[in-house]
Amino acid sequence: MKNPNSVGARAHEVRKETGKTQAEMAKFLGLAIATWQKIERNEGLPSGETLLLFEQLGINAGWILTGLGPKHLKDRSPAPSIAVDPQLLRKLHRAARLAYKEEGFHIPDEDSIAIEAGNLYNQLLESVSDVRDTRIVDAIIPVLIEELKARLGQAKAEPGTGKRSA
């Protein structure tokens, strides 16, 4: 029996959901039927081009490959529709540096801090309904700093575990 958590099982599921035969699915994706059959048997992975064609069926290509995220594109959350505020990013950059400093970590290179600031921004998006509301954003940033410090503290307490520091 095929692994239900495999790329092949997810490809098979999509084919069944669309009501296509193996030959019809192969033709739709521009593949030889043998190539499609290998994908369903989990003996090969779909190419990037093939994954993009799944999106024409409304299927999330990331889900096909990993099983993560929504299966259907219509189930994706919309991206933020407002411009990023450079001053807010600057605040988050400073917040990330502060967390590293307060936890006694050597402050990493600027690229790493910028990535951490981006992570804080994403957490902020999950926490507030409008990132333009500076009163609420300014109240949430200290909470985000404390959460980052807790992750850093945990990484410090468990050295050598291979866990990311934040």
# chains A, B, ... in the order shown; residues from 1 in each chain; ligands from 1

call {"tool": "residues_around", "arguments": {"residues": "Thr66 (chain A)", "least_positions_apart": "5", "cutoff": "9 Å", "atoms": "only C-alpha atoms", "output": "list in words"}}
result
Asn5, Ser6, Val7 and Ala61 of chain A

call {"tool": "write_last_selection", "arguments": {"atoms": "N, CA, C and O atoms", "output": "short mmCIF file (atom, residue, chain, number, x, y, z; two decimals), in the first residue's frame"}}
result
data_model
loop_
_atom_site.label_atom_id
_atom_site.label_comp_id
_atom_site.auth_asym_id
_atom_site.auth_seq_id
_atom_site.Cartn_x
_atom_site.Cartn_y
_atom_site.Cartn_z
N ASN A 5 1.16 9.70 3.10
CA ASN A 5 1.80 11.00 3.28
C ASN A 5 2.84 11.29 2.20
O ASN A 5 3.70 12.13 2.38
N SER A 6 2.76 10.60 1.08
CA SER A 6 3.76 10.77 0.03
C SER A 6 3.26 11.69 -1.07
O SER A 6 2.06 11.93 -1.22
N VAL A 7 4.21 12.17 -1.85
CA VAL A 7 3.88 12.99 -3.02
C VAL A 7 2.97 12.18 -3.95
O VAL A 7 1.97 12.69 -4.46
N ALA A 61 0.80 23.87 -5.17
CA ALA A 61 1.97 23.07 -5.51
C ALA A 61 2.78 22.70 -4.27
O ALA A 61 3.34 21.61 -4.18
#

call {"tool": "select_by_dssp", "arguments": {"residues": "region 31-122 of chain A", "states": "alpha helix (DSSP H)", "output": "PyMOL selection string"}}
result
chain A and resi 33-40+48-56+61-66+86-102+110-122

call {"tool": "atom_distance", "arguments": {"atom1": "CA of Ala9 (chain A)", "atom2": "CA of Leu51 (chain A)"}}
result
14.8 Å

call {"tool": "closest_atom_pairs", "arguments": {"of": "region 75-133 of chain A", "to": "region 137-160 of chain A", "cutoff": "9 Å", "atoms": "only C-alpha atoms", "output": "Markdown table"}}
result
| residue | atom | partner | partner_atom | distance |
| --- | --- | --- | --- | --- |
| A:Leu88 | CA | A:Val137 | CA | 8.8 |
| A:Lys91 | CA | A:Ile141 | CA | 8.5 |
| A:Leu92 | CA | A:Ile141 | CA | 7.6 |
| A:Ala95 | CA | A:Ile145 | CA | 6.2 |
| A:Ala96 | CA | A:Ile145 | CA | 6.9 |
| A:Leu98 | CA | A:Ile145 | CA | 7.9 |
| A:Ala99 | CA | A:Lys149 | CA | 5.3 |
| A:Tyr100 | CA | A:Lys149 | CA | 7.1 |
| A:Glu102 | CA | A:Lys149 | CA | 7.7 |
| A:Glu103 | CA | A:Lys149 | CA | 6.3 |
| A:Phe105 | CA | A:Leu152 | CA | 8.2 |
| A:Leu120 | CA | A:Leu144 | CA | 6.7 |
| A:Gln123 | CA | A:Leu144 | CA | 7.6 |
| A:Leu124 | CA | A:Ile140 | CA | 7.5 |
| A:Ser127 | CA | A:Ile140 | CA | 7.9 |
| A:Val128 | CA | A:Val137 | CA | 7.3 |
| A:Asp130 | CA | A:Val137 | CA | 8.4 |
| A:Val131 | CA | A:Val137 | CA | 6.3 |
| A:Arg132 | CA | A:Val137 | CA | 7.7 |
| A:Asp133 | CA | A:Val137 | CA | 6.2 |

call {"tool": "write_last_selection", "arguments": {"atoms": "all heavy atoms", "output": "compact mmCIF listing (two decimals), in the first residue's frame"}}
result
# COMPACT_ATOMS: atom_id res chain seq x y z
N LEU A 88 8.57 50.77 10.83
CA LEU A 88 8.19 49.61 11.62
C LEU A 88 9.26 48.54 11.51
O LEU A 88 9.65 47.92 12.50
CB LEU A 88 6.82 49.07 11.18
CG LEU A 88 6.36 47.78 11.84
CD1 LEU A 88 6.33 47.91 13.36
CD2 LEU A 88 5.00 47.37 11.31
N LYS A 91 12.05 49.43 13.73
CA LYS A 91 11.74 49.11 15.13
C LYS A 91 11.95 47.62 15.41
O LYS A 91 12.49 47.24 16.44
CB LYS A 91 10.28 49.45 15.46
CG LYS A 91 9.99 50.88 15.72
CD LYS A 91 8.52 51.04 16.08
CE LYS A 91 8.11 52.49 16.15
NZ LYS A 91 6.69 52.64 16.46
N LEU A 92 11.50 46.80 14.49
CA LEU A 92 11.62 45.35 14.67
C LEU A 92 13.08 44.89 14.58
O LEU A 92 13.50 43.99 15.29
CB LEU A 92 10.74 44.61 13.67
CG LEU A 92 9.24 44.85 13.87
CD1 LEU A 92 8.45 44.27 12.70
CD2 LEU A 92 8.76 44.30 15.19
N ALA A 95 14.46 45.72 17.83
CA ALA A 95 13.91 44.79 18.82
C ALA A 95 14.68 43.46 18.78
O ALA A 95 15.00 42.89 19.83
CB ALA A 95 12.42 44.55 18.57
N ALA A 96 14.97 42.98 17.59
CA ALA A 96 15.72 41.72 17.46
C ALA A 96 17.12 41.87 18.05
O ALA A 96 17.58 41.01 18.80
CB ALA A 96 15.80 41.30 15.99
N LEU A 98 18.05 43.95 20.35
CA LEU A 98 17.89 44.08 21.79
C LEU A 98 17.71 42.70 22.46
O LEU A 98 18.31 42.43 23.49
CB LEU A 98 16.68 44.98 22.11
CG LEU A 98 16.34 45.15 23.59
CD1 LEU A 98 17.45 45.91 24.30
CD2 LEU A 98 15.01 45.90 23.72
N ALA A 99 16.89 41.85 21.84
CA ALA A 99 16.65 40.52 22.41
C ALA A 99 17.95 39.72 22.48
O ALA A 99 18.25 39.09 23.49
CB ALA A 99 15.60 39.78 21.57
N TYR A 100 18.74 39.74 21.41
CA TYR A 100 20.02 39.04 21.41
C TYR A 100 20.92 39.60 22.50
O TYR A 100 21.55 38.85 23.25
CB TYR A 100 20.71 39.14 20.05
CG TYR A 100 20.26 38.08 19.08
CD1 TYR A 100 19.11 38.24 18.31
CD2 TYR A 100 21.00 36.91 18.93
CE1 TYR A 100 18.70 37.26 17.43
CE2 TYR A 100 20.60 35.93 18.04
CZ TYR A 100 19.45 36.11 17.29
OH TYR A 100 19.06 35.13 16.42
N GLU A 102 20.14 41.32 25.28
CA GLU A 102 19.65 41.06 26.63
C GLU A 102 19.79 39.59 27.04
O GLU A 102 19.87 39.29 28.22
CB GLU A 102 18.19 41.52 26.78
CG GLU A 102 18.08 43.03 26.79
CD GLU A 102 16.66 43.53 27.02
OE1 GLU A 102 15.72 42.71 27.16
OE2 GLU A 102 16.48 44.77 27.04
N GLU A 103 19.82 38.69 26.07
CA GLU A 103 20.00 37.28 26.38
C GLU A 103 21.47 36.88 26.42
O GLU A 103 21.80 35.72 26.61
CB GLU A 103 19.24 36.39 25.39
CG GLU A 103 17.76 36.30 25.68
CD GLU A 103 17.47 35.75 27.07
OE1 GLU A 103 17.96 34.66 27.41
OE2 GLU A 103 16.76 36.43 27.82
N PHE A 105 23.68 36.99 23.95
CA PHE A 105 24.19 36.39 22.72
C PHE A 105 25.06 37.40 22.00
O PHE A 105 24.80 38.61 22.05
CB PHE A 105 23.03 36.01 21.78
CG PHE A 105 22.45 34.66 22.05
CD1 PHE A 105 21.52 34.49 23.06
CD2 PHE A 105 22.81 33.57 21.28
CE1 PHE A 105 20.96 33.25 23.31
CE2 PHE A 105 22.25 32.33 21.52
CZ PHE A 105 21.33 32.16 22.54
N LEU A 120 9.78 38.67 13.17
CA LEU A 120 8.98 39.45 14.12
C LEU A 120 7.82 40.13 13.40
O LEU A 120 6.71 40.20 13.92
CB LEU A 120 9.86 40.49 14.83
CG LEU A 120 10.88 39.93 15.82
CD1 LEU A 120 11.78 41.05 16.33
CD2 LEU A 120 10.22 39.20 16.97
N GLN A 123 5.13 37.61 12.85
CA GLN A 123 4.41 37.37 14.10
C GLN A 123 3.47 38.54 14.40
O GLN A 123 2.35 38.33 14.88
CB GLN A 123 5.40 37.21 15.26
CG GLN A 123 6.13 35.90 15.26
CD GLN A 123 7.11 35.86 16.41
OE1 GLN A 123 8.23 36.31 16.29
NE2 GLN A 123 6.66 35.32 17.53
N LEU A 124 3.93 39.73 14.10
CA LEU A 124 3.11 40.92 14.33
C LEU A 124 1.84 40.86 13.46
O LEU A 124 0.75 41.15 13.93
CB LEU A 124 3.92 42.18 14.01
CG LEU A 124 3.28 43.51 14.32
CD1 LEU A 124 3.02 43.67 15.80
CD2 LEU A 124 4.18 44.64 13.83
N SER A 127 -0.67 38.85 15.01
CA SER A 127 -1.14 39.31 16.31
C SER A 127 -2.07 40.51 16.27
O SER A 127 -2.82 40.74 17.21
CB SER A 127 0.06 39.67 17.20
OG SER A 127 0.91 38.58 17.33
N VAL A 128 -1.98 41.30 15.22
CA VAL A 128 -2.78 42.53 15.16
C VAL A 128 -3.60 42.54 13.88
O VAL A 128 -3.24 41.92 12.90
CB VAL A 128 -1.90 43.80 15.24
CG1 VAL A 128 -1.09 43.85 16.51
CG2 VAL A 128 -1.00 43.93 14.05
N ASP A 130 -4.34 45.41 12.25
CA ASP A 130 -3.88 46.49 11.37
C ASP A 130 -2.52 46.98 11.85
O ASP A 130 -2.42 47.62 12.90
CB ASP A 130 -4.89 47.63 11.38
CG ASP A 130 -4.56 48.74 10.39
OD1 ASP A 130 -3.48 48.69 9.75
OD2 ASP A 130 -5.38 49.66 10.26
N VAL A 131 -1.47 46.67 11.09
CA VAL A 131 -0.12 47.07 11.49
C VAL A 131 0.09 48.57 11.41
O VAL A 131 1.11 49.07 11.86
CB VAL A 131 0.99 46.34 10.68
CG1 VAL A 131 1.00 44.86 10.98
CG2 VAL A 131 0.86 46.62 9.21
N ARG A 132 -0.89 49.28 10.88
CA ARG A 132 -0.79 50.75 10.84
C ARG A 132 -1.23 51.38 12.15
O ARG A 132 -1.02 52.57 12.36
CB ARG A 132 -1.63 51.30 9.68
CG ARG A 132 -1.10 50.85 8.31
CD ARG A 132 -2.06 51.20 7.22
NE ARG A 132 -3.28 50.39 7.44
CZ ARG A 132 -4.28 50.31 6.58
NH1 ARG A 132 -4.24 50.97 5.46
NH2 ARG A 132 -5.33 49.56 6.83
N ASP A 133 -1.83 50.60 13.04
CA ASP A 133 -2.27 51.11 14.34
C ASP A 133 -1.06 51.11 15.28
O ASP A 133 -0.79 50.13 15.97
CB ASP A 133 -3.40 50.24 14.90
CG ASP A 133 -4.01 50.81 16.16
OD1 ASP A 133 -3.35 51.62 16.86
OD2 ASP A 133 -5.16 50.44 16.46

call {"tool": "residues_around", "arguments": {"residues": "Gly62 (chain A)", "least_positions_apart": "2", "cutoff": "12 Å", "atoms": "only C-alpha atoms", "output": "count of residues only"}}
result
23

call {"tool": "atom_distance", "arguments": {"atom1": "CA of Thr50 (chain A)", "atom2": "CA of Lys38 (chain A)"}}
result
13.6 Å

call {"tool": "atom_distance", "arguments": {"atom1": "CA of His106 (chain A)", "atom2": "CA of Arg94 (chain A)"}}
result
14.6 Å

call {"tool": "decode", "arguments": {"residues": "region 9-63 of chain A", "atoms": "C-alpha atoms", "output": "mmCIF file, in the first residue's frame"}}
result
data_model
loop_
_atom_site.group_PDB
_atom_site.id
_atom_site.type_symbol
_atom_site.label_atom_id
_atom_site.label_comp_id
_atom_site.auth_asym_id
_atom_site.auth_seq_id
_atom_site.Cartn_x
_atom_site.Cartn_y
_atom_site.Cartn_z
ATOM 1 C CA ALA A 9 -0.499 9.650 -2.725
ATOM 2 C CA ARG A 10 -1.269 13.373 -2.929
ATOM 3 C CA ALA A 11 -0.921 13.342 -6.728
ATOM 4 C CA HIS A 12 -3.246 10.330 -6.887
ATOM 5 C CA GLU A 13 -5.730 12.123 -4.614
ATOM 6 C CA VAL A 14 -5.745 15.179 -6.885
ATOM 7 C CA ARG A 15 -6.233 13.052 -9.976
ATOM 8 C CA LYS A 16 -9.183 11.235 -8.389
ATOM 9 C CA GLU A 17 -10.647 14.540 -7.191
ATOM 10 C CA THR A 18 -10.531 15.922 -10.752
ATOM 11 C CA GLY A 19 -12.126 12.750 -12.136
ATOM 12 C CA LYS A 20 -9.321 12.236 -14.649
ATOM 13 C CA THR A 21 -7.813 8.942 -15.681
ATOM 14 C CA GLN A 22 -4.055 8.529 -15.492
ATOM 15 C CA ALA A 23 -3.837 9.110 -19.249
ATOM 16 C CA GLU A 24 -5.976 12.267 -19.043
ATOM 17 C CA MET A 25 -3.943 13.673 -16.163
ATOM 18 C CA ALA A 26 -0.668 12.911 -17.936
ATOM 19 C CA LYS A 27 -1.924 14.629 -21.095
ATOM 20 C CA PHE A 28 -3.157 17.676 -19.133
ATOM 21 C CA LEU A 29 0.252 18.022 -17.475
ATOM 22 C CA GLY A 30 2.159 17.351 -20.696
ATOM 23 C CA LEU A 31 3.723 14.164 -19.357
ATOM 24 C CA ALA A 32 4.122 10.682 -20.708
ATOM 25 C CA ILE A 33 1.682 8.352 -18.989
ATOM 26 C CA ALA A 34 4.632 6.326 -17.650
ATOM 27 C CA THR A 35 5.998 9.484 -15.994
ATOM 28 C CA TRP A 36 2.644 10.183 -14.337
ATOM 29 C CA GLN A 37 2.409 6.579 -13.162
ATOM 30 C CA LYS A 38 5.892 6.854 -11.606
ATOM 31 C CA ILE A 39 4.787 9.992 -9.747
ATOM 32 C CA GLU A 40 1.701 8.222 -8.397
ATOM 33 C CA ARG A 41 3.837 5.219 -7.366
ATOM 34 C CA ASN A 42 6.162 7.664 -5.582
ATOM 35 C CA GLU A 43 9.054 6.688 -7.845
ATOM 36 C CA GLY A 44 9.634 10.210 -9.097
ATOM 37 C CA LEU A 45 8.846 13.816 -8.262
ATOM 38 C CA PRO A 46 6.959 16.255 -10.464
ATOM 39 C CA SER A 47 9.119 18.934 -12.062
ATOM 40 C CA GLY A 48 8.697 22.605 -11.216
ATOM 41 C CA GLU A 49 6.852 23.077 -14.512
ATOM 42 C CA THR A 50 4.465 20.257 -13.663
ATOM 43 C CA LEU A 51 3.863 21.694 -10.196
ATOM 44 C CA LEU A 52 2.870 25.020 -11.751
ATOM 45 C CA LEU A 53 0.333 23.197 -13.901
ATOM 46 C CA PHE A 54 -1.251 21.766 -10.741
ATOM 47 C CA GLU A 55 -2.001 25.369 -9.836
ATOM 48 C CA GLN A 56 -4.143 25.606 -12.994
ATOM 49 C CA LEU A 57 -6.282 22.942 -11.329
ATOM 50 C CA GLY A 58 -6.491 25.142 -8.219
ATOM 51 C CA ILE A 59 -4.099 22.893 -6.280
ATOM 52 C CA ASN A 60 -1.334 24.336 -4.103
ATOM 53 C CA ALA A 61 1.968 23.065 -5.514
ATOM 54 C CA GLY A 62 3.563 23.319 -2.064
ATOM 55 C CA TRP A 63 0.937 20.943 -0.709
#
